[in-house]
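Have a look at run-v5.tsv; it's TSV, C-alpha atoms:
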chain	number	residue	atom	x	y	z
A	10	ALA	CA	155.79	164.04	-89.70
A	11	VAL	CA	156.48	167.27	-91.62
A	12	ALA	CA	159.26	168.31	-89.22
A	13	THR	CA	160.77	164.83	-89.48
A	14	VAL	CA	160.96	164.21	-93.24
A	15	GLY	CA	160.35	167.69	-94.66
A	16	VAL	CA	158.16	168.48	-97.68
A	17	ASP	CA	158.85	168.70	-101.39
A	18	VAL	CA	157.83	172.32	-101.83
A	19	ASN	CA	157.27	172.04	-105.58
A	20	ASN	CA	154.87	169.11	-105.34
A	21	CYS	CA	153.18	169.22	-101.92
A	22	SER	CA	149.65	170.40	-101.21
A	23	LEU	CA	148.63	173.52	-99.31
A	24	GLU	CA	147.40	171.37	-96.41
A	25	ILE	CA	150.86	169.80	-96.01
A	26	LEU	CA	152.92	172.96	-96.60
A	27	GLN	CA	151.10	175.00	-93.96
A	28	LYS	CA	152.17	172.45	-91.33
A	29	VAL	CA	155.84	173.34	-91.82
A	30	PRO	CA	157.22	175.04	-88.66
A	31	GLY	CA	157.07	178.81	-89.09
A	32	LEU	CA	154.49	178.81	-91.91
A	33	ASN	CA	150.74	179.45	-91.91
A	34	SER	CA	148.06	179.03	-94.57
A	35	LYS	CA	148.61	182.56	-95.93
A	36	LEU	CA	152.37	182.16	-96.39
A	37	ALA	CA	151.94	178.63	-97.71
A	38	SER	CA	149.53	179.94	-100.36
A	39	LYS	CA	152.05	182.59	-101.44
A	40	ILE	CA	154.77	179.93	-101.73
A	41	LEU	CA	152.51	177.82	-103.95
A	42	GLU	CA	151.96	180.84	-106.19
A	43	ALA	CA	155.75	181.30	-106.47
A	44	ARG	CA	156.38	177.73	-107.66
A	45	PRO	CA	158.48	176.28	-109.12
A	46	LEU	CA	161.36	177.12	-106.81
A	47	THR	CA	164.91	176.11	-107.74
A	48	MET	CA	166.66	176.97	-104.44
A	49	ARG	CA	165.66	177.36	-100.82
A	50	ARG	CA	166.90	180.95	-100.79
A	51	GLU	CA	164.16	181.83	-103.28
A	52	LEU	CA	161.74	181.56	-100.36
A	53	LEU	CA	163.06	184.95	-99.25
A	54	LYS	CA	161.50	186.47	-102.37
A	55	VAL	CA	158.02	185.44	-101.21
A	56	SER	CA	156.11	188.44	-99.86
A	57	GLY	CA	155.85	188.33	-96.07
A	58	LEU	CA	158.49	185.63	-95.64
A	59	GLY	CA	161.42	187.37	-93.97
A	60	PRO	CA	164.76	186.11	-92.63
A	61	LYS	CA	163.30	184.97	-89.30
A	62	ILE	CA	160.56	182.85	-90.86
A	63	TYR	CA	163.08	181.54	-93.39
A	64	GLU	CA	165.31	180.49	-90.51
A	65	ASN	CA	162.39	178.57	-88.98
A	66	CYS	CA	161.11	176.80	-92.07
A	67	ALA	CA	164.05	176.39	-94.47
A	68	ALA	CA	165.33	173.03	-93.18
A	69	PHE	CA	161.88	171.45	-93.58
A	70	VAL	CA	161.33	172.62	-97.16
A	71	ARG	CA	163.08	170.30	-99.61
A	72	ILE	CA	163.86	171.27	-103.19
A	73	GLU	CA	165.15	168.69	-105.64
A	74	GLY	CA	167.48	170.44	-108.05
A	75	GLU	CA	171.00	170.86	-109.35
A	76	LYS	CA	171.77	174.36	-108.04
A	77	GLU	CA	172.33	173.26	-104.43
A	78	GLU	CA	172.25	169.55	-103.60
A	79	LEU	CA	171.89	170.23	-99.88
A	80	ASP	CA	168.48	171.83	-100.57
A	81	SER	CA	167.10	168.29	-100.90
A	82	THR	CA	168.24	167.31	-97.39
A	83	LEU	CA	167.15	168.25	-93.87
A	84	VAL	CA	170.40	170.16	-93.33
A	85	HIS	CA	169.62	173.76	-92.37
A	86	PRO	CA	171.12	176.40	-94.71
A	87	GLU	CA	173.13	177.88	-91.85
A	88	SER	CA	174.94	174.51	-91.62
A	89	TYR	CA	175.76	174.22	-95.33
A	90	ASP	CA	179.44	175.15	-94.94
A	91	LEU	CA	179.80	172.55	-92.21
A	92	ALA	CA	177.95	169.94	-94.29
A	93	LYS	CA	180.15	170.57	-97.35
A	94	TRP	CA	183.27	170.24	-95.21
A	95	LEU	CA	182.00	166.93	-93.78
A	96	LEU	CA	181.19	165.59	-97.26
A	97	LYS	CA	184.70	166.45	-98.42
A	98	THR	CA	186.37	165.07	-95.30
A	99	PHE	CA	184.48	161.76	-95.37
A	100	LYS	CA	184.62	161.65	-99.21
A	101	TRP	CA	180.85	161.19	-99.35
A	102	LYS	CA	178.63	162.02	-102.32
A	103	LEU	CA	174.98	162.89	-101.83
A	104	SER	CA	174.27	161.80	-105.39
A	105	GLU	CA	175.15	158.19	-104.51
A	106	THR	CA	172.84	155.80	-102.67
A	107	VAL	CA	174.75	153.99	-99.92
A	108	ASP	CA	173.69	150.99	-97.86
A	109	GLU	CA	173.30	151.68	-94.13
A	110	GLY	CA	175.67	148.77	-93.42
A	111	GLU	CA	178.59	150.65	-94.98
A	112	PHE	CA	178.59	153.08	-92.07
A	113	PRO	CA	179.51	152.30	-88.46
A	114	PRO	CA	176.52	151.68	-86.16
A	115	ARG	CA	174.98	155.04	-85.25
A	116	THR	CA	175.63	154.44	-81.57
A	117	GLU	CA	179.38	154.31	-82.32
A	118	TRP	CA	179.66	157.44	-84.49
A	119	GLU	CA	180.80	159.70	-81.68
A	120	ASN	CA	183.66	157.36	-80.73
A	121	GLN	CA	184.76	156.26	-84.20
A	122	TRP	CA	184.58	159.75	-85.70
A	123	ASP	CA	185.80	161.56	-82.60
A	124	GLU	CA	188.69	163.33	-84.36
A	125	VAL	CA	186.53	164.60	-87.23
A	126	LEU	CA	183.76	165.75	-84.88
A	127	SER	CA	186.22	167.67	-82.70
A	128	LYS	CA	187.93	169.26	-85.69
A	129	ALA	CA	184.60	170.32	-87.21
A	130	SER	CA	183.41	171.66	-83.86
A	131	ASN	CA	186.48	173.87	-83.51
A	132	LYS	CA	186.62	174.92	-87.16
A	133	PHE	CA	182.99	176.07	-87.33
A	134	ALA	CA	182.61	177.11	-83.67
A	135	VAL	CA	179.64	174.79	-83.03
A	136	SER	CA	179.02	172.01	-80.54
A	137	ARG	CA	179.81	168.38	-81.30
A	138	GLU	CA	176.08	167.71	-81.02
A	139	ARG	CA	175.44	170.15	-83.86
A	140	VAL	CA	178.07	168.36	-85.99
A	141	LEU	CA	176.51	164.97	-85.20
A	142	ALA	CA	173.07	166.25	-86.22
A	143	VAL	CA	174.42	167.34	-89.62
A	144	VAL	CA	176.22	164.01	-90.05
A	145	GLU	CA	172.94	162.22	-89.34
A	146	ASN	CA	171.10	164.36	-91.92
A	147	LEU	CA	173.74	163.55	-94.55
A	148	VAL	CA	173.74	159.81	-93.83
A	149	ASP	CA	169.92	159.72	-93.89
A	150	SER	CA	170.01	161.36	-97.32
A	151	MET	CA	172.59	158.96	-98.74
A	152	THR	CA	170.89	155.85	-97.32
A	153	LYS	CA	167.41	157.15	-98.22
A	154	MET	CA	166.49	156.53	-94.59
A	155	ASP	CA	163.01	157.67	-93.60
A	156	PRO	CA	163.56	159.34	-90.19
A	157	ARG	CA	160.10	158.18	-89.10
A	158	LEU	CA	161.39	154.60	-89.13
A	159	LYS	CA	164.10	155.32	-86.55
A	160	THR	CA	161.94	154.20	-83.64
A	161	PRO	CA	163.22	153.88	-80.07
A	162	SER	CA	164.70	150.53	-79.07
A	163	LYS	CA	162.83	148.28	-76.64
A	164	ASN	CA	165.16	149.06	-73.76
A	165	GLN	CA	164.19	152.72	-74.07
A	166	ALA	CA	160.51	152.02	-73.54
A	167	THR	CA	160.74	152.74	-69.83
A	168	THR	CA	161.62	156.41	-70.38
A	169	ILE	CA	159.55	158.68	-68.14
A	170	SER	CA	156.30	159.46	-69.96
A	171	THR	CA	155.94	162.84	-68.27
A	172	ALA	CA	159.20	164.20	-69.73
A	173	GLY	CA	158.79	167.77	-70.93
A	174	LEU	CA	155.52	168.46	-69.13
A	175	THR	CA	155.20	171.75	-67.28
A	176	HIS	CA	152.91	170.82	-64.39
A	177	LYS	CA	155.91	170.07	-62.16
A	178	SER	CA	158.01	172.93	-63.53
A	179	SER	CA	158.18	176.61	-62.56
A	180	LEU	CA	159.44	179.91	-63.97
A	181	LEU	CA	163.15	180.61	-63.65
A	182	SER	CA	164.02	182.60	-60.55
A	183	PRO	CA	165.30	186.12	-61.36
A	184	ASP	CA	168.16	185.48	-58.92
A	185	VAL	CA	169.84	183.09	-61.38
A	186	ALA	CA	168.78	184.68	-64.67
A	187	GLU	CA	172.19	186.32	-65.17
A	188	ALA	CA	174.53	184.06	-67.16
A	189	SER	CA	177.26	184.12	-64.50
A	190	ASN	CA	174.84	183.08	-61.74
A	191	LEU	CA	173.13	180.54	-63.96
A	192	ARG	CA	176.46	178.91	-64.84
A	193	LYS	CA	177.20	178.33	-61.15
A	194	ALA	CA	173.72	176.98	-60.46
A	195	CYS	CA	173.63	174.38	-63.27
A	196	PRO	CA	172.02	172.00	-63.59
A	197	VAL	CA	168.72	173.77	-62.86
A	198	ARG	CA	165.78	171.34	-63.01
A	199	GLY	CA	162.16	171.91	-63.97
A	200	VAL	CA	162.03	175.31	-65.69
A	201	ILE	CA	159.09	176.42	-67.84
A	202	GLY	CA	160.17	177.58	-71.29
A	203	THR	CA	158.55	178.63	-74.57
A	204	ILE	CA	159.66	177.31	-77.96
A	205	ARG	CA	160.78	180.28	-80.09
A	206	ASN	CA	162.40	178.54	-83.05
A	207	ILE	CA	162.86	175.04	-84.47
A	208	ALA	CA	165.87	174.03	-86.56
A	209	ASP	CA	167.17	170.75	-87.94
A	210	PHE	CA	169.31	170.17	-84.86
A	211	GLY	CA	166.83	171.13	-82.14
A	212	ALA	CA	164.66	173.89	-80.69
A	213	PHE	CA	165.53	177.27	-79.21
A	214	ILE	CA	163.73	177.88	-75.93
A	215	ASP	CA	163.00	181.10	-74.09
A	216	PHE	CA	163.44	179.92	-70.50
A	217	GLY	CA	163.57	183.35	-68.83
A	218	GLY	CA	167.28	184.05	-69.22
A	219	HIS	CA	168.92	186.79	-71.25
A	220	ASN	CA	169.57	184.38	-74.16
A	221	ASP	CA	167.44	181.55	-75.53
A	222	GLY	CA	168.73	178.07	-74.77
A	223	LEU	CA	169.22	175.19	-77.22
A	224	LEU	CA	167.22	172.03	-76.62
A	225	HIS	CA	169.22	169.75	-78.89
A	226	ARG	CA	167.43	166.88	-80.63
A	227	THR	CA	169.63	164.42	-78.72
A	228	LYS	CA	168.29	165.84	-75.43
A	229	LEU	CA	164.63	165.05	-76.21
A	230	GLY	CA	164.77	161.42	-75.17
A	231	PRO	CA	163.32	158.52	-77.20
A	232	ALA	CA	159.66	159.40	-76.63
A	233	ILE	CA	159.60	162.92	-78.12
A	234	ARG	CA	160.81	164.04	-81.55
A	235	LEU	CA	161.14	167.38	-83.26
A	236	GLU	CA	157.82	166.92	-85.06
A	237	ASN	CA	156.13	166.87	-81.65
A	238	LEU	CA	157.25	170.43	-80.95
A	239	LEU	CA	155.46	173.60	-82.02
A	240	ILE	CA	156.63	177.21	-82.00
A	241	GLY	CA	154.93	179.03	-79.11
A	242	GLN	CA	154.43	175.83	-77.13
A	243	GLU	CA	155.35	175.77	-73.43
A	244	ILE	CA	157.69	173.00	-72.38
A	245	GLY	CA	159.51	171.88	-69.24
A	246	VAL	CA	163.30	171.92	-69.50
A	247	ASP	CA	166.40	171.43	-67.39
A	248	ILE	CA	169.20	173.99	-67.80
A	249	LEU	CA	172.27	171.79	-68.12
A	250	SER	CA	175.13	174.18	-68.75
A	251	VAL	CA	176.22	177.66	-69.83
A	252	ASP	CA	179.44	177.87	-71.84
A	253	ASP	CA	182.01	180.67	-72.07
A	254	ASN	CA	180.01	182.38	-74.83
A	255	ASN	CA	176.89	182.29	-72.62
A	256	LYS	CA	175.28	179.66	-74.87
A	257	VAL	CA	172.81	177.64	-72.82
A	258	ALA	CA	172.35	173.89	-73.22
A	259	LEU	CA	168.98	172.46	-72.23
A	260	GLY	CA	167.53	169.01	-71.71
A	261	LEU	CA	163.95	167.82	-71.46
A	262	THR	CA	162.90	167.90	-67.83
A	263	GLY	CA	162.14	164.49	-66.37
A	264	LEU	CA	165.03	162.79	-68.16
A	265	ASN	CA	167.53	163.86	-65.47
A	266	LEU	CA	170.26	164.47	-68.03
A	267	GLU	CA	173.67	165.65	-66.87
A	268	PRO	CA	175.81	168.42	-68.40
A	269	ASP	CA	177.83	167.31	-71.42
A	270	SER	CA	181.49	167.26	-70.42
A	271	LYS	CA	182.50	167.36	-74.07
A	272	ARG	CA	180.71	170.58	-74.73
A	273	SER	CA	183.14	172.83	-76.59
A	274	ARG	CA	184.62	175.71	-74.70
A	275	VAL	CA	186.12	178.76	-76.37
A	276	PRO	CA	189.48	179.70	-74.88
A	277	PRO	CA	189.67	183.25	-73.53
A	278	LYS	CA	191.14	185.84	-75.84
A	279	PRO	CA	194.72	186.75	-74.97
A	280	SER	CA	194.97	190.08	-73.19
A	281	ALA	CA	196.78	192.95	-74.83
A	282	LYS	CA	200.46	193.03	-73.95
A	283	LYS	CA	201.43	195.81	-71.62
A	284	PRO	CA	204.82	197.53	-71.80
A	285	GLY	CA	207.08	195.85	-69.29
A	286	ARG	CA	210.60	194.75	-68.68
A	287	ASN	CA	211.07	193.33	-72.17
A	288	SER	CA	210.11	196.60	-73.83
A	289	SER	CA	212.53	198.46	-71.53
A	290	LYS	CA	215.29	196.03	-72.42
A	291	ARG	CA	214.62	196.50	-76.12
A	292	HIS	CA	214.78	200.27	-75.62
A	293	LEU	CA	218.05	200.04	-73.67
A	294	SER	CA	219.52	197.65	-76.22
A	295	THR	CA	218.69	200.03	-79.06
A	296	SER	CA	220.24	202.95	-77.13
A	297	ALA	CA	223.35	200.92	-76.41
A	298	ARG	CA	223.80	199.99	-80.09
A	299	SER	CA	223.40	203.65	-81.03
A	300	THR	CA	226.05	204.71	-78.48
A	301	ASN	CA	228.50	202.01	-79.67
A	302	THR	CA	228.03	203.11	-83.27
A	303	LYS	CA	228.84	206.72	-82.37
A	304	ARG	CA	231.96	205.59	-80.49
A	305	ARG	CA	233.21	203.60	-83.48
A	306	LYS	CA	232.72	206.61	-85.74
A	307	THR	CA	234.78	208.89	-83.40
A	308	LYS	CA	237.85	206.62	-83.39
A	309	PRO	CA	240.78	207.88	-85.58
Can you present the structure in this file as structure tokens?
Amino acid sequence: AVATVGVDVNNCSLEILQKVPGLNSKLASKILEARPLTMRRELLKVSGLGPKIYENCAAFVRIEGEKEELDSTLVHPESYDLAKWLLKTFKWKLSETVDEGEFPPRTEWENQWDEVLSKASNKFAVSRERVLAVVENLVDSMTKMDPRLKTPSKNQATTISTAGLTHKSSLLSPDVAEASNLRKACPVRGVIGTIRNIADFGAFIDFGGHNDGLLHRTKLGPAIRLENLLIGQEIGVDILSVDDNNKVALGLTGLNLEPDSKRSRVPPKPSAKKPGRNSSKRHLSTSARSTNTKRRKTKP
């Protein structure tokens, strides 16, 4: 439950705090000694808690305060700029409690807010899924929704119970480990991976490629949630796609998910212009103007 609702770092017990992804009993004890904390970034002042651990645990450590209102949400600090832009665009206020009924049904967000999601995705160079995850965190905060109550619907009960297991998976073949080869081979089913990091929007998985892949929270299926995942745990994944920046999208193996056609693609950078006919014409034109000027000056 810790990875689902987070913990109030200034009031929780040692037993609860040490369950936060990325923390152990030793670090949790040091955090308790540093209380009270007024901002998430103050965690970086705790001895032994470096940037990497901060990246793992920050989204699950809530701090109620006035310095940064997003510190009381499950939005990861690296998504704060995106979150602030969304709040401004939607004219939402985290300080106000809003009834769930004032928002469109969650299943319709992607269609009804398509323009905003696309604009945010391009502006902040993140996937639409990442934007949707931040939107969900913000709405949960404003509606005071307990994420643990968002249980799967009845028609999802038939989801394959073996999703994510490794007994039918294997290590990635070295032949397709290169991003260019992997892109052509996608989707690649049943690959054993290791969870390296957990964020508010999903988990980063070492699947044997040159870059870790993102197992987004929306690709976990209804039976598994982020709180079920642990750093260092082995998990079976499907490699769904590799974008132009070599970012790898994963899905839980057994769900038979397909690549997301709406996954953002970064257009190639324009190549440097080479001198050609135009430059020659400009040169000739300049020479011609110079010659004409000289002729005018020589006339009596």
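Distance annotation: of A:Ile201, A:Ile72, A:Cys195, A:Val29, the residue with the minimal separation from A:Pro45 is A:Ile72; atom set is all atoms listed in the file.
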field: Spatial neighbours of A:Leu180, 8 Å, all atoms listed in the file, chain gap at least 3 places, as a list in words
entry: Val200, Ile201, Gly202, Phe216 and Gly217 of chain A
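Of the residues listed (A:Leu223, A:Val18, A:Ala68, A:Val125), A:Leu223 shows the shortest atom-to-atom separation from A:Asp247; distances use all atoms listed in the file.
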- request: May I ask which of the residues A:Asn206, A:Ser179, A:Thr47, A:Asn65 is the closest one to A:Asp17, counting all atoms listed in the file?
  value: A:Thr47
query: Counting all atoms listed in the file, which of A:Leu91, A:Ile233, A:Leu53, A:Leu224 gets nearest to A:Lys128?
result: A:Leu91
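Here the question is which of A:Arg137, A:Lys153, A:Lys177, A:Lys132 gets nearest to A:Thr82 using only C-alpha atoms, and that residue is A:Lys153.
Nearest-residue note for A:Ala129: choosing from A:Phe112, A:Phe213, A:Trp94, A:Ala194, the minimum distance belongs to A:Trp94, counting only C-alpha atoms.
The spacing separating atom CA of A:Gly222 from atom CA of A:Leu235 amounts to 15.6 Å.
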field: Separation of atom CA of A:Glu243 from atom CA of A:Val144 in Å
entry: 29.2 Å
